[in-house]
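First comes the structure, then the notes that go with it.
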Amino acid sequence: MRNRSNSAVRLDYYHRMIYKTILQYQNPVTGLLPAKPFDQLAWVRENVYSALAIWGLSLAYKKSLDVNEDRARCYELEQSTVKLMRGLLICMMHQRHKVERFKVTESTNDAIHAMFSVRTGRQVVGDTEWGHLQMDATSLYLLILAQMTAAGLQIIYTLDEVDFIQNLVFYIRCAYTVPDYGIWERGDKSNTGLPELNCTSVGMAKAALEAMSEIDLFGRKGSPASVIHVHPDDISRCRAILASVLPRESNSKETDAGLLSIIGFPAFAVDDPVLVTDTKNVIVEKLQGQYGLCRFLKDGYMTVKEDKSRLYYEPWELQSFENIECEWPVFFAFLILDGLFAGNKEQVEEYSHALDGIMIKRGDGIKLIPEMYAVPADKVELEFAEPKSQAREPLGRVPLIWAQSLYVLGRLLKEGFLSPGELDPLSRRLVAEPKYETVIQVAFLAEDSEVKEKVLRSLDIPCLTFDEVSPIRVFPAKVLKYIFSSLGKNTKLSMNGVKADVAGILATSRFYSLEGYTIVFLPNFVDEDSFYPVHDIDFFCDVFGVELLNIKQNWKCIGRPLLIFPWLHWMTDPYENIHPCMVSVSKRLMAGYKFGAKVQVGKLNEFLNTSALSSLSFLTMTSEGLGGNAIMQNIQDLAVEHKQTSLIQSTIVGALPKEFIIDTRQKSVLSARIAHSTTPDVLFQPTMSQDEQERQGDEDQKTLTRTEDLDKVSTLEVGLSFKKVSENFSKLHLMESTGVAEKITSTDGLQYAGMDVKDLIENLEHTTLLHEQVNIIHYLYYEKGLNWTIVRKNGTEYTVRDLMIELYDKGARLQQWWLLRHTAGILGKRAENLDSIATDIIVRQKQITFGLPPEPREKIITRPLPSDELAALINEACENDWSVAMLTQEVLFSLSSIFITQPKAFSEIINIRVGLLIQVMVSELAQLLKIPIADASQELMNLSPFEIQMFLTNVIMAKEYGFAGGGVTSKRAKEAASEIFRLKRKSTGADDVDSKAQFGEKTVLDRLGRWLRRRQLDGSLGRVPVGFYPAVWNVLNRCPEILFEKHSLKHSMTKESTSGEMKFACRVQAVLNYISAPEYRQLFIEAAMTFCLMAELLGKNFKWEMPINIGEIVHTANRIFIDEQEKLKSDVTLCCAQNPRPPTPPCGGHAGICQYFYDSAPTGRWGTMVYMAKAAASLTTLPTGATGNISCVQQ
């Protein structure tokens, strides 16, 4: 008998355990493992987790080869692992048509199946017969495939398989937008087949994308063709979701034990160590029991109360599962592994002891982990009465093979047979470790030598032209997205790669290499040719700063990020001045910091050795054998084909003198307030003086002269593809404008009714007045349509669309935002990445509404939509008012920036109500400028995109620094308010006023109206107090109903939800949304919160037999307020406290509530909450003290 060391004996024991529980059931043909012995179903997730123990044991044997038998076992275990992983690969390749369809439809019916036949590897159930869309399962496969490949296993054999894996990467890249059925395969916990966005899926997809990025699937024997490429911006979006949603799992699950797999082994998907700790603590606190962890609260699976004859639950049934949820020992194994990777010995010992106590020992000495432990039927009532008090019995499969696998893996680590690094060669366990501060490299590039000279005259910065950085080639970002679209294409597999998508900032912040060429791309916001805000230099600079912050927060690649700061012709004016904002940003960048990001400025070629570098060599494998030179020529042609319209226009026209822009800021097309706006028929402008007209004529001539010079310049070799200027000017059909309108001429175009169209066209072709050009073109649009053709006397033809495009170009040249917004809407322009902008907000567990309440006029977006569908929905919600529709897109764009720079501003907000935000901006502008609402809506349309964003930020952050109140207490708020007054001075020509005098201790804003405006702001934003929704749930759980005017919350809602559930919060928000007036809605929230605070003091056992009417509390509180104010002879006696009482408030308060009550502070001796408490005490049954009174004073 041969001698064996103690370690070898232990390995033999674990080999015997693995063989008898897992390996002996592996199918010899497909390599798949059944869910239980002799079953015919192989689940993807269970097979991957089971492969980990087989792989781990092979690594352990490799380190301690005592005899030849050990070498044989090591080899056999490795090959068993490879066979299993390849078996899953072949199963999924059989469904490659689903992968291809899913990339387009993102439908649950087109998902890869979650289970396959063990014998054939084919599907076993129909597409609609199970919740197959499980992003976490596919992502787990890719993650472990990457880890095993990095460790030296050869799993992928051919380039066709590489292309399929590349397409699987594209399959999971949308995990942050596509609701799926999650780790438990049933979606919403009600089991009604409703998919939802699950953090376990998002986290596993993030980990898989990070692990797959730039990995060579052929290992040391690979080439650029076998390297997998990942869009880094997809990873950053997954990261943002996890940071926003954790420790919540989904809308219907306030947490889930499955999250242990993403905050620890195997995914290690969360970068923030504090968030990891908080999530784990919440999971342990809410879900841990003596026998394991329940999957989630109110989980009915396999409990004695579950009706096994159907998959779904009735809503009321969920309450019956509370406190008797089955406990799963597998999560003790996860916690053991988490402690081993984190070096937490106490955690390892605690859960090892707990797990050993509940394992079942077979006759041959092998310990098995059962699937779950359930409360016996005869002890259910006792468990209800005292949770965690009753002994449970094992249920389900014994062993649960993936739990057994994780247990063995933990034992191998604990006993020293393996180290964490061997199971994690990609070092994912270190993602939460502190990193060095990211240094962002910035290179200034000028469009040509003319721009460079202007820049260097004003600034001492290292600036080169696009030509001077040769041999480095510079291309616009749009080219990169088409390059990436060739990834994964394979005619044999009938796979088309991925659709061309916007190249994000992380993708453009690096060098690319191709067959000896070095390529760099401009940031994507530079070539946003389909959306007009790029013409606003202030907005451009702000976006640049936001993207700096975005890079700082999300850069995880090897090498430093590189960001190009372009200097283009449109950033200077005909006087050869550099825009002050560009100067300011450049100086801050040279100083080394901008938006809190550390910056290093230098020449582009100086950053070659320190920047991140990616290879585009895959193009040589997908371009029919073309060489590097031919591919570069194709890229050059692509850049020419997809020219950047905004850059072309900018090169042609330049910018106007600053004085002209200030003097010509004019009124917008809207004559009605935004709340009830309709599309006008005529646009208008104020008239310039004769001197201004002559000066503008000279400037137009200068512009034409400069463009004639540019006509001599050939197409830029760097690929920006500017068309020759003469080609643009040959298409002009309008005279250069030398004057603008003085007033509104009409709103219906009746002045042209009855005119001969030929005379109208002739007038259009000869007039130089902008307002007349606008009116005529607008009339033609409404009468004839965009595609109506006009024939000139010389036989040339053009359409109304051509004229509208020229108006759009003029709006850009003249910085006339009212004109740009209106013509952009008519032409159907939209932000190119409108869908991703909205998605970035929605996936953070927010809902977006467009238009004004109530429904159906207000459109609610709860899931990501394509850009075209989203733009159409915005137009419908805005009642086809083009200007408001484009402003809505602007606000959406600005909101996404605020989410990056001020994420806490949206805490306690679920619904982002864009229509109400615009209405509040109009109201605030009217207050600031002391003008009627109708005029304020016109002024709002005159604001530039940057001013809109600044004003929007001002409104959203009002809670923090009291901008909506009687005094402005923040320097930033003062600057924002000063800016709005500066706009007013521009339009009125008033002399400059010292802002300190306006916004010092004595503000021009009246203190009266402070709390009314505050409630209007908070009500429009949908902001609620911290803990509002759980508090409402606790009260609803103790009463039959809570009434909010005509709508209510039923007690039955608490039976199907938990207090911290997002689904419940959304239903409360939906009821509140029926209250259209923001200030009135906010009083309801205050009244509900007051009642909840009172109920909390009464204890959990106190219940109400009658419904609680919040509206009645509000109105009763208002009456008590008026009565008390009448006794005090306050100003309320001038309106609502008159004797006799007026039937309606003379002060105009909404819904019969006194305006002074709206304008009262919430707390204090005369606060609204005091009156709410008094009203609640008088309307509901509450216990009283010894004196029979209830104290209502709030401090």
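How things are named: the first chain in the structure tokens is A, the next is B, and so on; residues count from 1 in each chain; ligands count from 1 in the order shown.
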
Sorted by chain and rising residue number, list the residues of stretch 994-1077 of chain A at most 8 Å from stretch 914-928 of chain A (counting only C-alpha atoms), each with its closest atom pair and distance in Å to one decimal, as CSV.
residue,atom,partner,partner_atom,distance
A:Leu1005,CA,A:Leu928,CA,7.3
A:Gln1016,CA,A:Val920,CA,7.4
A:Leu1017,CA,A:Val920,CA,6.7
A:Ser1020,CA,A:Leu916,CA,5.4
A:Leu1021,CA,A:Leu917,CA,6.9

Near A:Ile144, within 12 Å and counting only C-alpha atoms, which residues show up once chain neighbours fewer than 2 positions away are dropped, as a VMD selection string?
-> chain A and resid 45 47 to 53 55 to 56 81 to 82 85 136 to 142 146 to 151 153 155 204 to 205 207 to 212 265 to 267 423 to 426 428

Would you save the residues from that selection as a compact mmCIF listing (two decimals), in the first residue's frame, using N, CA and C atoms?
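After the write, part-v7.txt holds the following:
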# COMPACT_ATOMS: atom_id res chain seq x y z
N ARG A 45 -26.73 27.82 -15.23
CA ARG A 45 -26.14 28.37 -14.01
C ARG A 45 -25.55 27.27 -13.13
N ASN A 47 -24.60 24.27 -13.96
CA ASN A 47 -23.47 23.63 -14.60
C ASN A 47 -22.19 24.45 -14.45
N VAL A 48 -22.31 25.77 -14.57
CA VAL A 48 -21.12 26.61 -14.44
C VAL A 48 -20.60 26.58 -13.00
N TYR A 49 -21.49 26.72 -12.03
CA TYR A 49 -21.05 26.66 -10.63
C TYR A 49 -20.45 25.28 -10.31
N SER A 50 -21.02 24.23 -10.87
CA SER A 50 -20.49 22.90 -10.63
C SER A 50 -19.10 22.74 -11.24
N ALA A 51 -18.87 23.39 -12.38
CA ALA A 51 -17.56 23.31 -13.03
C ALA A 51 -16.47 23.91 -12.16
N LEU A 52 -16.82 24.86 -11.29
CA LEU A 52 -15.81 25.52 -10.46
C LEU A 52 -15.11 24.54 -9.53
N ALA A 53 -15.87 23.63 -8.91
CA ALA A 53 -15.25 22.67 -7.99
C ALA A 53 -14.36 21.70 -8.75
N TRP A 55 -12.78 22.25 -11.58
CA TRP A 55 -11.59 23.03 -11.97
C TRP A 55 -10.70 23.29 -10.77
N GLY A 56 -11.30 23.70 -9.64
CA GLY A 56 -10.52 23.99 -8.44
C GLY A 56 -9.77 22.76 -7.95
N THR A 81 -13.66 19.59 -16.95
CA THR A 81 -14.06 21.00 -16.90
C THR A 81 -14.21 21.56 -18.30
N VAL A 82 -13.23 21.30 -19.16
CA VAL A 82 -13.28 21.79 -20.54
C VAL A 82 -14.49 21.21 -21.26
N MET A 85 -17.68 22.99 -20.07
CA MET A 85 -17.78 24.35 -20.58
C MET A 85 -18.03 24.35 -22.08
N ASP A 136 -27.94 36.81 -15.85
CA ASP A 136 -26.89 36.42 -14.91
C ASP A 136 -26.29 35.07 -15.28
N ALA A 137 -27.09 34.15 -15.82
CA ALA A 137 -26.59 32.83 -16.17
C ALA A 137 -25.62 32.91 -17.35
N THR A 138 -26.02 33.63 -18.40
CA THR A 138 -25.13 33.80 -19.56
C THR A 138 -23.87 34.56 -19.17
N SER A 139 -24.04 35.59 -18.33
CA SER A 139 -22.89 36.38 -17.89
C SER A 139 -21.95 35.55 -17.01
N LEU A 140 -22.53 34.70 -16.16
CA LEU A 140 -21.70 33.84 -15.33
C LEU A 140 -20.85 32.91 -16.19
N TYR A 141 -21.43 32.38 -17.25
CA TYR A 141 -20.66 31.52 -18.15
C TYR A 141 -19.48 32.29 -18.75
N LEU A 142 -19.72 33.50 -19.23
CA LEU A 142 -18.64 34.29 -19.83
C LEU A 142 -17.58 34.66 -18.80
N ALA A 146 -13.71 33.38 -18.99
CA ALA A 146 -12.56 34.29 -18.98
C ALA A 146 -11.56 33.91 -17.90
N GLN A 147 -12.05 33.58 -16.71
CA GLN A 147 -11.15 33.19 -15.61
C GLN A 147 -10.39 31.90 -15.96
N MET A 148 -11.09 30.92 -16.48
CA MET A 148 -10.43 29.66 -16.82
C MET A 148 -9.42 29.84 -17.96
N THR A 149 -9.78 30.67 -18.93
CA THR A 149 -8.85 30.93 -20.03
C THR A 149 -7.60 31.64 -19.53
N ALA A 150 -7.80 32.61 -18.64
CA ALA A 150 -6.65 33.32 -18.08
C ALA A 150 -5.77 32.40 -17.24
N ALA A 151 -6.38 31.34 -16.67
CA ALA A 151 -5.63 30.38 -15.87
C ALA A 151 -4.91 29.33 -16.72
N LEU A 153 -6.56 27.21 -19.25
CA LEU A 153 -7.39 26.19 -19.90
C LEU A 153 -7.72 26.63 -21.32
N ILE A 155 -10.42 26.38 -23.88
CA ILE A 155 -11.83 26.02 -24.03
C ILE A 155 -12.35 26.37 -25.42
N MET A 204 -23.62 40.70 -12.52
CA MET A 204 -22.91 39.60 -13.17
C MET A 204 -22.51 39.99 -14.59
N ALA A 205 -23.37 40.74 -15.28
CA ALA A 205 -23.02 41.21 -16.62
C ALA A 205 -21.84 42.17 -16.57
N ALA A 207 -19.44 42.21 -14.36
CA ALA A 207 -18.24 41.42 -14.10
C ALA A 207 -17.79 40.68 -15.35
N ALA A 208 -18.74 40.13 -16.10
CA ALA A 208 -18.39 39.41 -17.33
C ALA A 208 -17.80 40.33 -18.38
N LEU A 209 -18.37 41.51 -18.53
CA LEU A 209 -17.84 42.46 -19.50
C LEU A 209 -16.42 42.88 -19.13
N GLU A 210 -16.19 43.15 -17.86
CA GLU A 210 -14.85 43.52 -17.42
C GLU A 210 -13.86 42.37 -17.62
N ALA A 211 -14.29 41.15 -17.31
CA ALA A 211 -13.40 40.01 -17.45
C ALA A 211 -13.11 39.70 -18.92
N MET A 212 -14.08 39.90 -19.78
CA MET A 212 -13.91 39.58 -21.20
C MET A 212 -13.15 40.66 -21.97
N PHE A 265 -17.52 36.60 -4.27
CA PHE A 265 -17.22 35.58 -5.27
C PHE A 265 -18.52 35.06 -5.90
N PRO A 266 -18.55 34.86 -7.24
CA PRO A 266 -17.43 34.95 -8.18
C PRO A 266 -17.30 36.26 -8.93
N ALA A 267 -18.29 37.17 -8.79
CA ALA A 267 -18.33 38.34 -9.67
C ALA A 267 -17.45 39.49 -9.19
N LEU A 423 -7.96 30.88 -8.23
CA LEU A 423 -9.34 30.86 -8.71
C LEU A 423 -9.73 32.18 -9.36
N ASP A 424 -8.92 33.19 -9.17
CA ASP A 424 -9.22 34.53 -9.69
C ASP A 424 -7.97 35.11 -10.36
N PRO A 425 -7.53 34.50 -11.46
CA PRO A 425 -6.32 35.01 -12.11
C PRO A 425 -6.47 36.41 -12.69
N LEU A 426 -7.71 36.85 -12.90
CA LEU A 426 -7.95 38.20 -13.41
C LEU A 426 -8.01 39.25 -12.30
N ARG A 428 -10.16 39.92 -9.93
CA ARG A 428 -11.41 40.64 -9.74
C ARG A 428 -11.66 40.93 -8.27

Alpha helix (DSSP H) per DSSP on the backbone: members of stretch 744-993 of chain A, as a ChimeraX atom specification = /A:757-766,770-784,800-814,817-826,834-842,867-877,882-901,914-929,933-942,945-956,958-961,971-988

Residues within 10 Å of stretch 325-334 of chain A, only C-alpha atoms, excluding chain neighbours under 6 positions, as a short mmCIF file (atom, residue, chain, number, x, y, z; two decimals) with C-alpha atoms, in the first residue's frame:
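part_12.cif written:
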data_model
loop_
_atom_site.label_atom_id
_atom_site.label_comp_id
_atom_site.auth_asym_id
_atom_site.auth_seq_id
_atom_site.Cartn_x
_atom_site.Cartn_y
_atom_site.Cartn_z
CA ALA A 257 -29.55 36.65 -1.09
CA GLY A 258 -28.44 36.21 -4.70
CA LEU A 260 -23.95 37.75 -2.45
CA SER A 261 -22.73 36.38 -5.78
CA GLY A 264 -18.31 38.75 -3.51
CA PHE A 265 -17.22 35.58 -5.27
CA PRO A 266 -17.43 34.95 -8.18
CA LEU A 287 -32.73 37.17 5.28
CA GLN A 288 -30.45 35.07 7.50
CA GLY A 289 -31.80 32.22 9.58
CA GLN A 290 -30.43 29.18 11.39
CA TYR A 291 -30.47 26.95 8.29
CA GLY A 292 -29.31 29.40 5.67
CA LEU A 293 -30.72 32.51 4.04
CA CYS A 294 -34.13 32.85 2.47
CA ARG A 295 -33.90 34.05 -1.11
CA PHE A 296 -36.02 37.18 -0.55
CA LEU A 297 -38.85 38.33 1.68
CA LYS A 298 -42.26 36.73 1.13
CA ASP A 299 -40.75 33.98 -1.04
CA GLY A 300 -43.35 31.21 -1.28
CA TYR A 301 -41.31 28.66 -3.20
CA MET A 302 -41.67 25.16 -1.69
CA THR A 303 -43.41 26.40 1.47
CA VAL A 304 -46.41 24.47 2.77
CA LYS A 305 -48.63 27.43 1.90
CA LEU A 340 -11.94 33.58 2.49
CA VAL A 348 -15.31 31.99 7.72
CA GLU A 350 -18.96 31.43 11.86
CA TYR A 351 -20.53 30.19 8.65
CA SER A 352 -18.39 27.04 8.41
CA HIS A 353 -19.71 26.02 11.81
CA ALA A 354 -23.29 26.90 10.80
CA LEU A 355 -23.02 24.95 7.54
CA ASP A 356 -21.46 21.87 9.14
CA ILE A 358 -27.03 21.47 8.82
CA MET A 359 -25.30 19.18 6.30
CA ILE A 369 -25.87 20.13 1.31
CA PRO A 370 -29.65 20.01 0.86
CA GLU A 371 -31.40 22.45 -1.42
CA MET A 372 -33.37 24.14 1.36
CA TYR A 373 -34.91 23.83 4.79
CA ALA A 374 -38.66 24.39 5.20
CA VAL A 375 -41.03 24.81 8.15
CA ARG A 392 -36.99 22.92 10.01
CA GLU A 393 -36.62 19.90 7.80
CA PRO A 394 -34.57 19.46 4.59
CA LEU A 395 -36.47 19.72 1.36
CA LEU A 400 -27.94 20.71 -4.50
CA ILE A 401 -24.98 20.16 -6.82
CA TRP A 402 -23.92 23.81 -7.24
CA ALA A 403 -24.10 24.27 -3.46
CA GLN A 404 -21.96 21.14 -3.07
CA SER A 405 -19.50 22.57 -5.58
CA LEU A 406 -19.17 25.86 -3.71
CA TYR A 407 -18.75 23.99 -0.44
CA VAL A 408 -15.83 21.97 -1.85
CA LEU A 409 -14.29 25.12 -3.28
CA GLY A 410 -14.48 26.77 0.14
CA ARG A 411 -12.88 23.76 1.82
#

Atom CA of A:Tyr1074 to atom CA of A:Leu1093, distance in Å rounded to a single decimal =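 Rounded to one decimal, the two atoms are 24.1 Å apart.
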
Grab the atom CA of A:Ser1076 to atom CA of A:Trp1033 distance for me, in Å with one decimal place.
-> 23.0 Å

Sort by chain and increasing residue number a table of all residues of stretch 929-961 of chain A within 8 Å of stretch 810-824 of chain A, each with its closest pair of atoms and their distance in Å to one decimal, counting only C-alpha atoms, and write it as a tab-separated table.
residue	atom	partner	partner_atom	distance
A:Met941	CA	A:Trp818	CA	5.3
A:Asn942	CA	A:Trp818	CA	5.4
A:Leu943	CA	A:Trp817	CA	6.8
A:Ser944	CA	A:Trp817	CA	6.1

One-decimal distance in Å that lies between atom CA of A:Leu563 and atom CA of A:Leu514 =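 Distance reported for this atom pair: 19.8 Å.
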
Using only C-alpha atoms: which of A:Asn344, A:Ser614, A:Ser250, A:Asn198 has the shortest distance to A:Val227 | A:Ser614

If you count only C-alpha atoms, the residue of A:Trp1011, A:Leu418, A:Asp809, A:Ala225 closest to A:Leu57 turns out to be A:Leu418

For A:Lys1100, work out the shell of residues within 9 Å, counting only C-alpha atoms and skipping chain neighbours fewer than 3 positions away, then give it as a list in words.
->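 Using only C-alpha atoms, the neighbours found are Asn1034, Val1035, Arg1038, Ala1095, Glu1096, Leu1097 and Lys1103 of chain A.
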
Pick the closest to A:Ala269 from A:Val479, A:Leu568, A:Ile235, A:Leu780: which is it, counting only C-alpha atoms?
->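 When distances to A:Ala269 are compared using only C-alpha atoms, the smallest one comes from A:Ile235.
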
Close residues, A:Leu159 itself excluded, 12 Å, only C-alpha atoms, min 5 positions apart in chain, as a list in words | Phe164, Ile165, Gln166, Asp216, Leu217, Phe218, Gly222, Ser223, Pro224, Ala225, Ser226, Val227, Ile228, Gly488, Lys489, Asn490, Lys492, Leu493, Phe618, Met621 and Thr622 of chain A

Selected residues written out, C-alpha atoms, as a short mmCIF file (atom, residue, chain, number, x, y, z; two decimals), in the first residue's frame:
data_model
loop_
_atom_site.label_atom_id
_atom_site.label_comp_id
_atom_site.auth_asym_id
_atom_site.auth_seq_id
_atom_site.Cartn_x
_atom_site.Cartn_y
_atom_site.Cartn_z
CA PHE A 164 -19.89 33.57 -31.20
CA ILE A 165 -18.44 34.58 -27.82
CA GLN A 166 -18.08 38.15 -29.13
CA ASP A 216 -7.39 36.41 -25.87
CA LEU A 217 -9.54 33.29 -25.98
CA PHE A 218 -6.67 31.33 -27.52
CA GLY A 222 -3.69 33.64 -29.88
CA SER A 223 -3.62 36.60 -32.23
CA PRO A 224 -5.57 39.88 -32.51
CA ALA A 225 -8.35 37.91 -34.22
CA SER A 226 -9.02 35.90 -31.05
CA VAL A 227 -9.27 38.92 -28.73
CA ILE A 228 -12.68 39.92 -27.35
CA GLY A 488 -18.42 39.56 -34.38
CA LYS A 489 -19.60 39.35 -37.98
CA ASN A 490 -19.54 35.79 -39.26
CA LYS A 492 -20.99 30.94 -41.56
CA LEU A 493 -22.84 31.52 -38.29
CA PHE A 618 -9.56 42.69 -35.82
CA MET A 621 -9.67 39.71 -40.20
CA THR A 622 -13.05 41.14 -41.18
#

Polymer residues at most 12 Å from A:Val585, only C-alpha atoms, same-chain spacing of 3 or more positions, as JSON, numbers by chain | {"A": [442, 444, 459, 461, 537, 538, 539, 540, 541, 542, 543, 544, 545, 548, 565, 578, 579, 580, 581, 582, 588, 589, 590, 591, 592, 593, 594, 595, 599]}

I'd like the neighbourhood of A:Leu133 as a short mmCIF file (atom, residue, chain, number, x, y, z; two decimals) with N, CA, C and O atoms, in the first residue's frame, where a residue qualifies if any of its atoms comes within 10 Å (using only C-alpha atoms), though same-chain residues fewer than 2 positions away should be ignored.
data_model
loop_
_atom_site.label_atom_id
_atom_site.label_comp_id
_atom_site.auth_asym_id
_atom_site.auth_seq_id
_atom_site.Cartn_x
_atom_site.Cartn_y
_atom_site.Cartn_z
N GLU A 106 -34.57 42.43 -28.29
CA GLU A 106 -34.45 42.41 -26.82
C GLU A 106 -35.73 41.85 -26.19
O GLU A 106 -36.16 42.27 -25.11
N SER A 107 -36.32 40.88 -26.86
CA SER A 107 -37.56 40.26 -26.40
C SER A 107 -37.25 39.02 -25.56
O SER A 107 -36.30 38.28 -25.85
N THR A 108 -38.08 38.78 -24.56
CA THR A 108 -37.90 37.58 -23.74
C THR A 108 -38.10 36.30 -24.56
O THR A 108 -37.55 35.25 -24.21
N ASN A 109 -38.83 36.38 -25.65
CA ASN A 109 -39.07 35.19 -26.49
C ASN A 109 -37.86 34.84 -27.35
O ASN A 109 -37.83 33.75 -27.94
N ASP A 110 -36.92 35.75 -27.46
CA ASP A 110 -35.73 35.51 -28.28
C ASP A 110 -34.50 35.23 -27.44
O ASP A 110 -33.37 35.28 -27.94
N ALA A 111 -34.67 34.97 -26.16
CA ALA A 111 -33.53 34.75 -25.27
C ALA A 111 -32.97 33.35 -25.42
O ALA A 111 -33.67 32.40 -25.80
N ILE A 112 -31.68 33.21 -25.11
CA ILE A 112 -31.07 31.89 -25.03
C ILE A 112 -31.75 31.12 -23.90
O ILE A 112 -32.04 31.67 -22.84
N HIS A 113 -31.98 29.86 -24.11
CA HIS A 113 -32.68 29.07 -23.10
C HIS A 113 -31.80 28.86 -21.86
O HIS A 113 -30.57 28.78 -21.96
N ALA A 114 -32.47 28.76 -20.74
CA ALA A 114 -31.77 28.59 -19.46
C ALA A 114 -31.51 27.12 -19.15
O ALA A 114 -30.72 26.81 -18.26
N ASP A 127 -40.18 28.55 -26.08
CA ASP A 127 -39.67 29.89 -25.76
C ASP A 127 -40.51 30.59 -24.71
O ASP A 127 -40.00 31.42 -23.94
N TRP A 130 -41.08 29.03 -20.19
CA TRP A 130 -40.23 29.24 -19.02
C TRP A 130 -39.58 30.61 -19.13
O TRP A 130 -39.49 31.18 -20.22
N GLY A 131 -39.14 31.14 -18.01
CA GLY A 131 -38.47 32.44 -18.02
C GLY A 131 -37.01 32.28 -18.43
O GLY A 131 -36.10 32.30 -17.59
N MET A 135 -30.00 36.94 -17.67
CA MET A 135 -28.72 37.55 -18.02
C MET A 135 -27.60 37.09 -17.09
O MET A 135 -26.44 37.01 -17.49
N ASP A 136 -27.94 36.81 -15.85
CA ASP A 136 -26.89 36.42 -14.91
C ASP A 136 -26.29 35.07 -15.28
O ASP A 136 -25.10 34.83 -15.09
N ALA A 137 -27.09 34.15 -15.82
CA ALA A 137 -26.59 32.83 -16.17
C ALA A 137 -25.62 32.91 -17.35
O ALA A 137 -24.52 32.35 -17.31
N THR A 138 -26.02 33.63 -18.40
CA THR A 138 -25.13 33.80 -19.56
C THR A 138 -23.87 34.56 -19.17
O THR A 138 -22.76 34.23 -19.59
N VAL A 178 -32.43 45.83 -20.00
CA VAL A 178 -33.44 44.81 -20.33
C VAL A 178 -33.89 44.08 -19.07
O VAL A 178 -33.09 43.39 -18.43
N PRO A 179 -35.15 44.18 -18.70
CA PRO A 179 -35.66 43.38 -17.58
C PRO A 179 -35.59 41.89 -17.91
O PRO A 179 -35.89 41.48 -19.04
N ASP A 180 -35.19 41.08 -16.95
CA ASP A 180 -35.11 39.64 -17.18
C ASP A 180 -35.76 38.90 -16.02
O ASP A 180 -36.33 39.51 -15.11
N TYR A 181 -35.65 37.57 -16.02
CA TYR A 181 -36.30 36.76 -14.99
C TYR A 181 -35.37 36.49 -13.81
O TYR A 181 -35.81 35.90 -12.82
N GLY A 182 -34.13 36.90 -13.90
CA GLY A 182 -33.24 36.88 -12.76
C GLY A 182 -32.75 35.50 -12.37
O GLY A 182 -33.02 34.49 -13.01
N ILE A 183 -32.02 35.48 -11.27
CA ILE A 183 -31.37 34.27 -10.79
C ILE A 183 -32.37 33.19 -10.38
O ILE A 183 -32.08 32.00 -10.44
N GLU A 185 -35.39 32.87 -11.86
CA GLU A 185 -36.07 32.45 -13.09
C GLU A 185 -37.55 32.80 -13.16
O GLU A 185 -38.24 32.34 -14.07
N ARG A 186 -38.03 33.60 -12.22
CA ARG A 186 -39.47 33.90 -12.21
C ARG A 186 -39.78 35.39 -12.30
O ARG A 186 -40.93 35.77 -12.31
N GLY A 187 -38.75 36.23 -12.34
CA GLY A 187 -39.00 37.66 -12.44
C GLY A 187 -39.61 38.22 -11.18
O GLY A 187 -39.14 37.97 -10.07
N PRO A 195 -41.00 40.12 -16.12
CA PRO A 195 -39.56 40.34 -15.91
C PRO A 195 -39.30 41.71 -15.30
O PRO A 195 -40.12 42.63 -15.43
#

Pick out the closest residue to A:Glu606 from this set: A:Ala443, A:Phe466, A:Cys238, A:Ile551. Count only C-alpha atoms.
->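 Among the listed residues, the smallest separation from A:Glu606 belongs to A:Ala443.
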